[in-house]
$ cat work_19.txt   # compact mmCIF, C-alpha atoms
# COMPACT_ATOMS: atom_id res chain seq x y z
CA MET A 1 118.25 39.91 152.11
CA THR A 2 114.70 38.60 151.83
CA SER A 3 112.39 38.86 154.81
CA SER A 4 108.70 38.16 155.31
CA LYS A 5 108.16 40.72 158.05
CA ILE A 6 105.69 43.57 157.64
CA ILE A 7 107.30 47.00 157.63
CA GLU A 8 104.89 49.13 159.62
CA PRO A 9 104.00 52.83 159.35
CA GLY A 10 106.54 55.01 161.11
CA SER A 11 109.37 53.13 159.41
CA THR A 12 111.67 54.74 156.85
CA LEU A 13 111.61 53.68 153.21
CA GLY A 14 114.36 54.30 150.69
CA MET A 15 113.93 55.41 147.08
CA LEU A 16 116.76 55.03 144.57
CA GLY A 17 116.15 57.75 141.99
CA GLY A 18 114.40 61.06 142.48
CA GLY A 19 112.35 61.68 139.34
CA GLN A 20 108.59 62.01 139.09
CA LEU A 21 107.99 58.33 139.83
CA GLY A 22 109.99 58.66 143.03
CA GLY A 23 108.09 61.82 143.84
CA PHE A 24 104.69 60.14 143.57
CA PHE A 25 106.01 57.21 145.63
CA THR A 26 107.23 59.58 148.33
CA GLU A 27 103.94 61.50 148.47
CA SER A 28 102.02 58.25 148.77
CA ALA A 29 104.35 56.91 151.46
CA LEU A 30 103.97 60.07 153.55
CA LYS A 31 100.18 59.75 153.38
CA MET A 32 100.49 56.17 154.63
CA GLY A 33 102.60 57.19 157.61
CA TYR A 34 106.11 56.35 156.37
CA LYS A 35 109.20 58.51 156.13
CA VAL A 36 111.24 58.42 152.90
CA VAL A 37 114.93 58.84 152.13
CA VAL A 38 115.58 59.72 148.48
CA TRP A 39 119.00 59.05 146.96
CA ASP A 40 119.68 60.77 143.66
CA PRO A 41 122.95 62.44 142.58
CA SER A 42 120.98 65.44 141.32
CA THR A 43 120.53 68.06 144.01
CA VAL A 44 117.32 69.25 142.34
CA ALA A 45 115.68 65.83 141.81
CA PRO A 46 111.89 66.38 142.07
CA ALA A 47 111.27 63.68 144.69
CA LYS A 48 113.54 65.47 147.15
CA ARG A 49 110.83 68.10 147.63
CA PHE A 50 108.92 65.53 149.71
CA ALA A 51 111.79 63.55 151.26
CA THR A 52 112.44 63.30 155.00
CA LEU A 53 116.14 63.03 154.14
CA SER A 54 118.00 63.06 150.84
CA PHE A 55 121.37 61.91 149.54
CA ASP A 56 123.18 63.81 146.76
CA ALA A 57 126.26 61.61 146.42
CA SER A 58 126.95 59.53 143.35
CA PHE A 59 125.64 55.98 143.44
CA ASP A 60 129.19 54.62 143.76
CA ASP A 61 129.95 56.60 146.91
CA VAL A 62 130.88 54.05 149.60
CA ASP A 63 130.05 56.29 152.55
CA ALA A 64 126.67 57.18 151.08
CA ARG A 65 125.86 53.49 150.65
CA ARG A 66 126.70 52.80 154.26
CA ASN A 67 124.67 55.76 155.52
CA PHE A 68 121.71 54.93 153.28
CA ILE A 69 121.58 51.38 154.66
CA LYS A 70 121.61 52.76 158.21
CA ALA A 71 118.85 55.25 157.43
CA VAL A 72 116.20 53.00 155.84
CA ASP A 73 114.29 49.83 156.70
CA ALA A 74 113.76 48.79 153.06
CA SER A 75 114.14 50.34 149.63
CA SER A 76 112.61 50.41 146.17
CA LEU A 77 113.71 52.08 142.93
CA GLU A 78 112.27 54.27 140.21
CA TRP A 79 115.04 54.27 137.60
CA GLU A 80 116.66 51.47 135.61
CA ASN A 81 120.09 53.11 135.57
CA VAL A 82 120.78 52.60 139.27
CA PRO A 83 123.93 50.40 139.41
CA VAL A 84 123.18 46.72 139.95
CA SER A 85 126.22 46.54 142.21
CA LEU A 86 124.62 49.10 144.53
CA VAL A 87 121.40 47.12 144.78
CA GLU A 88 123.32 43.88 145.38
CA GLU A 89 125.16 45.49 148.29
CA LEU A 90 121.96 46.92 149.74
CA GLU A 91 120.28 43.51 149.47
CA SER A 92 122.86 42.04 151.83
CA GLU A 93 121.47 44.29 154.59
CA ILE A 94 117.90 45.31 153.74
CA ASP A 95 115.01 44.31 151.48
CA VAL A 96 115.08 45.93 148.04
CA ARG A 97 111.93 45.31 145.98
CA PRO A 98 112.25 44.75 143.09
CA GLY A 99 115.89 43.76 143.38
CA SER A 100 119.10 43.27 141.44
CA ARG A 101 117.79 40.44 139.23
CA SER A 102 114.98 42.56 137.83
CA LEU A 103 117.25 45.57 137.51
CA GLY A 104 119.88 43.60 135.61
CA LEU A 105 117.31 42.44 133.06
CA ALA A 106 115.94 45.95 132.59
CA GLN A 107 119.39 47.45 132.08
CA ASN A 108 120.36 45.20 129.20
CA ARG A 109 118.02 44.55 126.26
CA VAL A 110 120.05 41.53 125.18
CA GLN A 111 119.67 39.86 128.57
CA GLU A 112 116.02 40.87 128.78
CA LYS A 113 115.16 39.37 125.40
CA SER A 114 117.17 36.26 126.13
CA PHE A 115 115.24 35.83 129.40
CA LEU A 116 111.89 36.26 127.67
CA SER A 117 112.84 33.87 124.86
CA LYS A 118 114.06 31.28 127.36
CA HIS A 119 110.63 31.37 129.01
CA ASN A 120 108.86 31.04 125.65
CA PHE A 121 107.25 34.48 125.54
CA ASP A 122 106.47 35.76 122.05
CA LEU A 123 108.67 38.68 120.94
CA ALA A 124 109.23 40.72 117.82
CA ASP A 125 111.93 39.14 115.63
CA TYR A 126 115.34 40.46 116.58
CA ARG A 127 119.06 39.97 116.14
CA VAL A 128 122.01 41.02 118.29
CA ILE A 129 125.02 42.68 116.66
CA TYR A 130 128.35 43.52 118.25
CA SER A 131 129.79 45.88 115.64
CA ARG A 132 128.33 48.45 113.24
CA SER A 133 129.56 46.48 110.25
CA GLU A 134 127.28 43.57 111.21
CA LEU A 135 124.29 45.75 110.35
CA ASN A 136 124.94 44.97 106.66
CA SER A 137 124.40 41.24 107.20
CA VAL A 138 121.29 41.25 109.44
CA ASP A 139 118.97 38.54 108.06
CA LEU A 140 115.68 40.28 108.88
CA PRO A 141 113.62 42.16 106.31
CA PRO A 142 113.39 45.87 107.25
CA PRO A 143 112.03 48.10 108.63
CA TRP A 144 114.07 47.78 111.82
CA ILE A 145 114.58 49.64 115.06
CA VAL A 146 118.21 49.51 116.14
CA LYS A 147 118.54 49.90 119.92
CA THR A 148 121.48 50.17 122.24
CA ALA A 149 121.63 47.25 124.65
CA THR A 150 122.02 49.63 127.60
CA LEU A 151 121.13 53.19 128.65
CA GLY A 152 118.29 53.73 126.19
CA TYR A 153 115.08 55.53 127.21
CA ASP A 154 112.39 57.81 125.71
CA GLY A 155 113.70 57.36 122.20
CA HIS A 156 117.36 57.87 123.12
CA GLY A 157 119.64 55.16 121.79
CA GLN A 158 117.22 54.12 119.02
CA TRP A 159 117.49 54.45 115.25
CA LEU A 160 114.86 53.64 112.64
CA VAL A 161 116.03 51.82 109.50
CA PRO A 162 113.01 51.91 107.14
CA ASN A 163 114.87 50.16 104.32
CA CYS A 164 118.34 49.01 103.32
CA ASP A 165 119.21 52.42 101.88
CA TYR A 166 119.29 53.78 105.44
CA ILE A 167 121.83 51.28 106.80
CA LYS A 168 124.79 53.54 106.02
CA TYR A 169 123.14 56.49 107.80
CA ALA A 170 122.23 54.32 110.80
CA LYS A 171 125.83 53.08 111.13
CA GLU A 172 127.07 56.67 111.19
CA SER A 173 124.44 57.70 113.77
CA MET A 174 124.69 54.76 116.17
CA THR A 175 126.30 55.58 119.49
CA GLY A 176 127.96 53.35 122.03
CA SER A 177 130.36 50.46 121.61
CA GLY A 178 127.80 47.69 121.28
CA PRO A 179 126.12 45.38 121.46
CA TRP A 180 122.95 46.61 119.79
CA VAL A 181 119.60 44.94 119.26
CA VAL A 182 118.15 45.03 115.75
CA GLU A 183 114.41 44.57 116.09
CA ARG A 184 111.95 44.16 113.26
CA VAL A 185 109.24 46.85 113.36
CA VAL A 186 105.94 45.29 114.43
CA GLN A 187 102.68 46.13 112.69
CA PHE A 188 100.59 46.30 115.85
CA GLU A 189 97.02 47.28 116.60
CA GLN A 190 97.82 48.89 119.94
CA GLU A 191 100.73 49.37 122.29
CA LEU A 192 99.64 48.28 125.75
CA SER A 193 101.12 48.43 129.23
CA VAL A 194 100.09 46.39 132.25
CA VAL A 195 101.16 47.26 135.79
CA VAL A 196 101.56 44.17 137.97
CA GLY A 197 102.29 43.93 141.68
CA LEU A 198 103.89 40.79 143.12
CA HIS A 199 103.72 40.21 146.89
CA GLN A 200 106.48 38.33 148.70
CA ASN A 201 103.95 35.51 149.29
CA GLY A 202 103.43 35.04 145.53
CA HIS A 203 100.09 36.88 145.31
CA THR A 204 99.71 39.10 142.23
CA THR A 205 97.64 42.22 141.63
CA THR A 206 97.07 43.56 138.13
CA TYR A 207 95.58 46.72 136.65
CA PRO A 208 93.65 46.61 133.35
CA PRO A 209 95.84 47.28 130.28
CA THR A 210 96.45 50.90 129.33
CA GLU A 211 96.54 51.84 125.63
CA ASN A 212 99.59 53.96 124.78
CA ILE A 213 100.26 56.27 121.86
CA HIS A 214 103.83 57.38 121.20
CA GLU A 215 105.27 60.25 119.18
CA ASN A 216 108.96 60.09 118.19
CA ASN A 217 109.35 57.06 120.50
CA ILE A 218 108.16 59.09 123.51
CA LEU A 219 104.91 58.28 125.29
CA LYS A 220 102.35 60.98 124.51
CA LEU A 221 98.87 59.64 125.39
CA SER A 222 97.74 56.86 127.72
CA ILE A 223 94.11 55.74 127.55
CA SER A 224 92.48 53.74 130.36
CA PRO A 225 90.88 51.35 129.92
CA GLY A 226 92.51 50.48 126.62
CA ARG A 227 90.18 50.26 123.63
CA ILE A 228 90.63 46.54 123.16
CA PRO A 229 88.31 43.51 123.10
CA THR A 230 87.61 41.82 126.41
CA GLU A 231 89.50 38.68 125.40
CA VAL A 232 92.61 40.75 124.57
CA LEU A 233 92.31 42.61 127.89
CA LYS A 234 92.22 39.35 129.82
CA LYS A 235 95.04 37.82 127.79
CA ALA A 236 97.26 40.88 128.29
CA GLN A 237 96.77 40.77 132.07
CA GLU A 238 97.50 37.05 132.20
CA LEU A 239 100.60 37.39 130.01
CA ALA A 240 102.01 40.29 132.05
CA THR A 241 101.41 38.35 135.25
CA GLU A 242 103.25 35.32 133.84
CA VAL A 243 106.24 37.50 132.96
CA VAL A 244 106.46 38.96 136.47
CA LEU A 245 106.05 35.54 138.10
CA CYS A 246 108.95 34.24 135.99
CA ILE A 247 111.13 37.06 137.29
CA GLY A 248 110.06 36.11 140.79
CA GLU A 249 110.95 39.26 142.74
CA ALA A 250 108.39 41.09 144.85
CA GLY A 251 107.56 44.62 143.76
CA VAL A 252 105.68 46.57 141.13
CA PHE A 253 106.46 46.08 137.44
CA CYS A 254 105.20 47.39 134.13
CA VAL A 255 105.11 45.00 131.19
CA GLU A 256 104.86 46.68 127.79
CA LEU A 257 103.09 44.72 125.06
CA PHE A 258 102.13 44.84 121.38
CA SER A 259 98.58 43.76 120.52
CA LEU A 260 98.43 42.33 116.99
CA LYS A 261 95.64 42.24 114.41
CA ASN A 262 95.35 38.46 114.67
CA GLY A 263 94.69 38.66 118.42
CA GLY A 264 98.23 37.72 119.39
CA ILE A 265 100.29 39.67 121.93
CA LEU A 266 104.03 40.23 121.92
CA VAL A 267 106.12 41.23 124.95
CA ASN A 268 108.11 44.38 124.28
CA GLU A 269 109.86 45.49 127.49
CA ILE A 270 109.78 45.09 131.27
CA ALA A 271 110.22 47.94 133.73
CA PRO A 272 110.92 46.96 137.39
CA ARG A 273 109.00 49.95 138.74
CA PRO A 274 105.76 51.87 138.28
CA HIS A 275 105.31 53.45 134.85
CA ASN A 276 104.43 56.80 133.36
CA SER A 277 101.40 55.17 131.75
CA GLY A 278 100.16 54.28 135.23
CA HIS A 279 100.02 57.83 136.64
CA HIS A 280 96.27 57.78 136.09
CA THR A 281 95.85 55.21 138.86
CA ILE A 282 96.32 58.06 141.38
CA ASP A 283 92.91 59.42 140.37
CA THR A 284 91.07 56.52 138.78
CA PHE A 285 91.66 53.55 141.11
CA THR A 286 91.12 52.96 144.82
CA ILE A 287 94.81 51.97 145.12
CA SER A 288 97.39 53.76 142.96
CA GLN A 289 100.41 52.02 141.46
CA TYR A 290 102.55 53.93 143.99
CA GLU A 291 100.57 52.73 146.97
CA LEU A 292 100.83 49.24 145.46
CA GLN A 293 104.60 49.71 145.26
CA ILE A 294 104.67 50.60 148.96
CA ARG A 295 102.47 47.63 149.84
CA ALA A 296 104.75 45.25 147.90
CA LEU A 297 107.84 46.73 149.55
CA CYS A 298 106.40 46.59 153.07
CA GLY A 299 104.68 43.20 152.85
CA LEU A 300 101.20 44.71 153.24
CA PRO A 301 98.05 43.16 151.70
CA MET A 302 97.63 43.89 147.98
CA PRO A 303 93.90 43.70 147.10
CA THR A 304 92.74 44.31 143.55
CA PRO A 305 92.30 48.06 142.94
CA ILE A 306 88.78 49.13 141.94
CA MET A 307 88.41 51.39 138.90
CA LYS A 308 86.60 54.67 139.62
CA GLY A 309 86.40 56.04 136.07
CA HIS A 310 87.97 56.32 132.64
CA SER A 311 90.91 58.53 131.79
CA VAL A 312 93.20 59.93 129.15
CA LEU A 313 96.67 61.01 130.24
CA LEU A 314 98.47 63.64 128.16
CA ASN A 315 102.20 64.04 128.76
CA VAL A 316 103.61 67.55 128.72
CA LEU A 317 106.98 67.42 126.95
CA GLY A 318 109.79 69.92 126.71
CA GLU A 319 108.76 73.36 125.46
CA GLU A 320 105.07 72.46 125.89
CA MET A 321 105.69 73.31 129.53
CA ARG A 322 106.11 76.99 128.65
CA GLU A 323 102.84 76.94 126.72
CA LEU A 324 101.03 75.17 129.55
CA THR A 325 102.13 77.75 132.11
CA SER A 326 101.19 80.74 129.99
CA LYS A 327 98.22 82.40 131.65
CA PRO A 328 95.51 82.03 128.94
CA LYS A 329 96.25 78.36 128.26
CA TRP A 330 96.64 77.47 131.93
CA GLU A 331 93.32 79.12 132.75
CA SER A 332 91.58 77.34 129.87
CA ILE A 333 92.83 73.91 130.95
CA ILE A 334 92.23 74.39 134.65
CA ALA A 335 88.65 75.42 133.93
CA ASN A 336 87.91 72.02 132.39
CA GLN A 337 86.10 69.94 135.01
CA HIS A 338 87.69 66.75 133.63
CA ALA A 339 91.28 68.02 133.68
CA ARG A 340 93.82 67.76 136.48
CA ILE A 341 97.32 69.17 135.99
CA TYR A 342 100.43 67.54 137.51
CA LEU A 343 103.78 69.33 137.26
CA TYR A 344 106.89 67.42 138.25
CA GLY A 345 109.06 70.26 139.55
CA LYS A 346 111.89 69.78 137.05
CA GLU A 347 113.99 72.92 136.79
CA SER A 348 115.42 72.56 133.28
CA ILE A 349 113.41 72.13 130.09
CA ARG A 350 114.86 69.84 127.41
CA PRO A 351 113.34 68.61 124.13
CA GLY A 352 111.18 65.55 124.79
CA ARG A 353 111.66 65.69 128.55
CA LYS A 354 108.55 64.76 130.57
CA MET A 355 107.77 67.93 132.53
CA GLY A 356 104.31 67.00 133.74
CA HIS A 357 101.02 65.52 132.65
CA ILE A 358 97.36 66.42 132.38
CA LEU A 359 94.86 63.79 133.38
CA PHE A 360 91.39 63.89 131.86
CA HIS A 361 89.10 61.86 134.11
CA GLY A 362 85.43 61.07 133.58
CA ASP A 363 82.86 58.52 132.53
CA GLU A 364 83.24 58.49 128.73
CA LEU A 365 86.38 58.13 126.63
CA ALA A 366 84.37 59.60 123.76
CA THR A 367 84.47 62.90 125.65
CA LEU A 368 87.92 62.66 127.21
CA ILE A 369 89.93 61.76 124.10
CA PRO A 370 88.83 64.85 122.07
CA GLU A 371 89.52 67.07 125.09
CA ALA A 372 93.03 65.65 125.40
CA LEU A 373 93.73 66.07 121.68
CA GLU A 374 92.43 69.65 121.68
CA THR A 375 94.68 70.42 124.64
CA GLN A 376 97.64 68.84 122.89
CA GLN A 377 97.00 71.08 119.88
CA MET A 378 96.80 74.10 122.19
CA LEU A 379 100.19 73.25 123.69
CA THR A 380 101.91 72.86 120.33
CA ASP A 381 100.46 76.02 118.73
CA PRO A 382 102.63 79.08 119.20

$ encode --input "work_19.txt" --output "structure tokens"
Amino acid sequence: MTSSKIIEPGSTLGMLGGGQLGGFFTESALKMGYKVVVWDPSTVAPAKRFATLSFDASFDDVDARRNFIKAVDASSLEWENVPVSLVEELESEIDVRPGSRSLGLAQNRVQEKSFLSKHNFDLADYRVIYSRSELNSVDLPPPWIVKTATLGYDGHGQWLVPNCDYIKYAKESMTGSGPWVVERVVQFEQELSVVVGLHQNGHTTTYPPTENIHENNILKLSISPGRIPTEVLKKAQELATEVVLCIGEAGVFCVELFSLKNGGILVNEIAPRPHNSGHHTIDTFTISQYELQIRALCGLPMPTPIMKGHSVLLNVLGEEMRELTSKPKWESIIANQHARIYLYGKESIRPGRKMGHILFHGDELATLIPEALETQQMLTDP
């Protein structure tokens, strides 16, 4: 279902997935006068703390689907692993933005890369293999990253092959039944992400690129604005916008990019939702990525957000949560006038799991970056 009507405050919005992205969406929606129904099979999903109503059934529960459709006027999503079949069924009754087309691309790296190649976007060299034995005959010079085609996130489902000697180990470690994507490691200058909103009328809204620093394939630091030349900034925004326009579904997207030494930019991945690297927009822009998501879903105007300052976002991962909440370290961080702590309300701590973030907000990255790095050191020291 695709409608052009405006969904007004007082209406009920649906959210498929109840993690931190869904939580920030729900908070923003409540402030704008909407009610929110969160559907997540986990009874302790963080977004349910703010929900008007929540569903705990599995995503394949027929009764839950029927009741969810009755309860909401439109829906968005915060997680790529929502079944495409569920979204397709919802679309027959209500607006879902972004929808099943975007979700299908995001769920399968082979389809995503094929889509990007078909539209002539520059990518890292890659090959698709359908059995582990094919890894021996890949005609790309290593190093490689081997990735599962589906269900990979935050470093899960990825294996580094620095040279041919590691092929045997990679074959033994690879999980799943295939296919897998074998991607040549890119020597990039920066990893960038661009959040783009697409209105149902074709209008686009774009935030400046964020510079991202990963550790063990998990996002650790996000710096806004990215430390890139003006021409690269403009090119990254234009490229991300082109990608989203090619998809053609209204909603908020994040396009992840590699900036190269020669000034070129490669497209890495597309997320049909807001992004962890865009949390800073809550504090540093007049319109956050979550408000933009609501505007895209409801058909509201989507003006260009105005930047209110610079920021460095530090993710709090796994056991760092225990260090953060210890009294001396908590008091030290909270006393910093630039620091704002966000905890996601997740009950269980797992290695590498995003438990919260600390946003350092001010006028000078030269001040904020050292503060973030010092805090990171504090959280990793016993």

$ atom_distance --input "work_19.txt" --atom1 "CA of Asn336 (chain A)" --atom2 "CA of Glu371 (chain A)"
9.0 Å

$ atom_distance --input "work_19.txt" --atom1 "CA of Asn108 (chain A)" --atom2 "CA of Tyr130 (chain A)"
13.7 Å

$ residues_near_point --input "work_19.txt" --point "(97.2, 49.9, 121.6)" --cutoff "7 Å" --atoms "only C-alpha atoms" --output "list in words"
Glu189, Gln190, Glu191, Leu192, Glu211, Asn212, Gly226 and Ser259 of chain A

$ closest_residue --input "work_19.txt" --among "A:Phe285, A:Gly176, A:Gln293, A:His280" --to "Ile358 (chain A)" --atoms "all atoms listed in the file"
A:His280

$ atom_distance --input "work_19.txt" --atom1 "CA of Thr286 (chain A)" --atom2 "CA of Leu266 (chain A)"
29.2 Å

$ closest_atom_pairs --input "work_19.txt" --of "region 164-207 of chain A" --to "region 126-129 of chain A" --cutoff "9 Å" --atoms "all atoms listed in the file" --output "CSV"
residue,atom,partner,partner_atom,distance
A:Gly178,CA,A:Ile129,CA,7.4
A:Pro179,CA,A:Ile129,CA,5.6
A:Trp180,CA,A:Ile129,CA,5.4
A:Val181,CA,A:Val128,CA,4.7
A:Val182,CA,A:Arg127,CA,5.2
A:Glu183,CA,A:Tyr126,CA,4.2
A:Arg184,CA,A:Tyr126,CA,6.0

$ closest_residue --input "work_19.txt" --among "A:Arg227, A:Lys35, A:His214, A:Arg97" --to "Pro274 (chain A)" --atoms "all atoms listed in the file"
A:Arg97

$ residues_around --input "work_19.txt" --residues "His357 (chain A)" --least-positions-apart "4" --cutoff "12 Å" --atoms "all atoms listed in the file" --output "number ranges by chain"
A: 20, 219-222, 276-280, 312-318, 320-321, 324, 333, 339-345, 353, 372, 375-376, 379

$ closest_residue --input "work_19.txt" --among "A:Val185, A:Leu359, A:Val252, A:Leu90" --to "Val146 (chain A)" --atoms "only C-alpha atoms"
A:Val185

$ residues_around --input "work_19.txt" --residues "Val243 (chain A)" --least-positions-apart "5" --cutoff "9 Å" --atoms "all atoms listed in the file" --output "list in words"
Leu116, His119, Phe121, Glu238, Gly248, Val255, Val267 and Ile270 of chain A

$ closest_residue --input "work_19.txt" --among "A:Gly309, A:Pro225, A:Leu239, A:Gln187" --to "Asn120 (chain A)" --atoms "all atoms listed in the file"
A:Leu239

$ residues_around --input "work_19.txt" --residues "Ala29 (chain A)" --least-positions-apart "4" --cutoff "12 Å" --atoms "all atoms listed in the file" --output "VMD selection string"
chain A and resid 8 to 15 22 to 25 33 to 38 47 50 to 52 75 to 76 288 to 295 297 to 298

$ residues_around --input "work_19.txt" --residues "Gly157 (chain A)" --least-positions-apart "6" --cutoff "8 Å" --atoms "all atoms listed in the file" --output "compact mmCIF listing (two decimals) with C-alpha atoms, keeping the file's coordinate frame"
# COMPACT_ATOMS: atom_id res chain seq x y z
CA LYS A 147 118.54 49.90 119.92
CA THR A 148 121.48 50.17 122.24
CA LEU A 151 121.13 53.19 128.65
CA MET A 174 124.69 54.76 116.17
CA THR A 175 126.30 55.58 119.49

$ residues_around --input "work_19.txt" --residues "Glu88 (chain A)" --least-positions-apart "5" --cutoff "9 Å" --atoms "only C-alpha atoms" --output "compact mmCIF listing (two decimals) with C-alpha atoms, keeping the file's coordinate frame"
# COMPACT_ATOMS: atom_id res chain seq x y z
CA PRO A 83 123.93 50.40 139.41
CA VAL A 96 115.08 45.93 148.04
CA GLY A 99 115.89 43.76 143.38
CA SER A 100 119.10 43.27 141.44
CA ARG A 101 117.79 40.44 139.23

$ residues_near_point --input "work_19.txt" --point "(109.8, 40.7, 121.7)" --cutoff "7 Å" --atoms "only C-alpha atoms" --output "short mmCIF file (atom, residue, chain, number, x, y, z; two decimals) with C-alpha atoms, in the coordinates of the input"
data_model
loop_
_atom_site.label_atom_id
_atom_site.label_comp_id
_atom_site.auth_asym_id
_atom_site.auth_seq_id
_atom_site.Cartn_x
_atom_site.Cartn_y
_atom_site.Cartn_z
CA LYS A 113 115.16 39.37 125.40
CA ASP A 122 106.47 35.76 122.05
CA LEU A 123 108.67 38.68 120.94
CA ALA A 124 109.23 40.72 117.82
CA ASP A 125 111.93 39.14 115.63
CA LEU A 266 104.03 40.23 121.92
CA VAL A 267 106.12 41.23 124.95
CA ASN A 268 108.11 44.38 124.28
#

$ closest_residue --input "work_19.txt" --among "A:Ala240, A:Met302, A:Val194, A:Ile223" --to "Leu368 (chain A)" --atoms "all atoms listed in the file"
A:Ile223

$ axis_aligned_box --input "work_19.txt" --around "region 181-191 of chain A" --padding-each-side "3 Å" --output "AutoDock Vina command-line options"
--center_x 108.3 --center_y 46.8 --center_z 117.5 --size_x 28.6 --size_y 11.2 --size_z 15.6
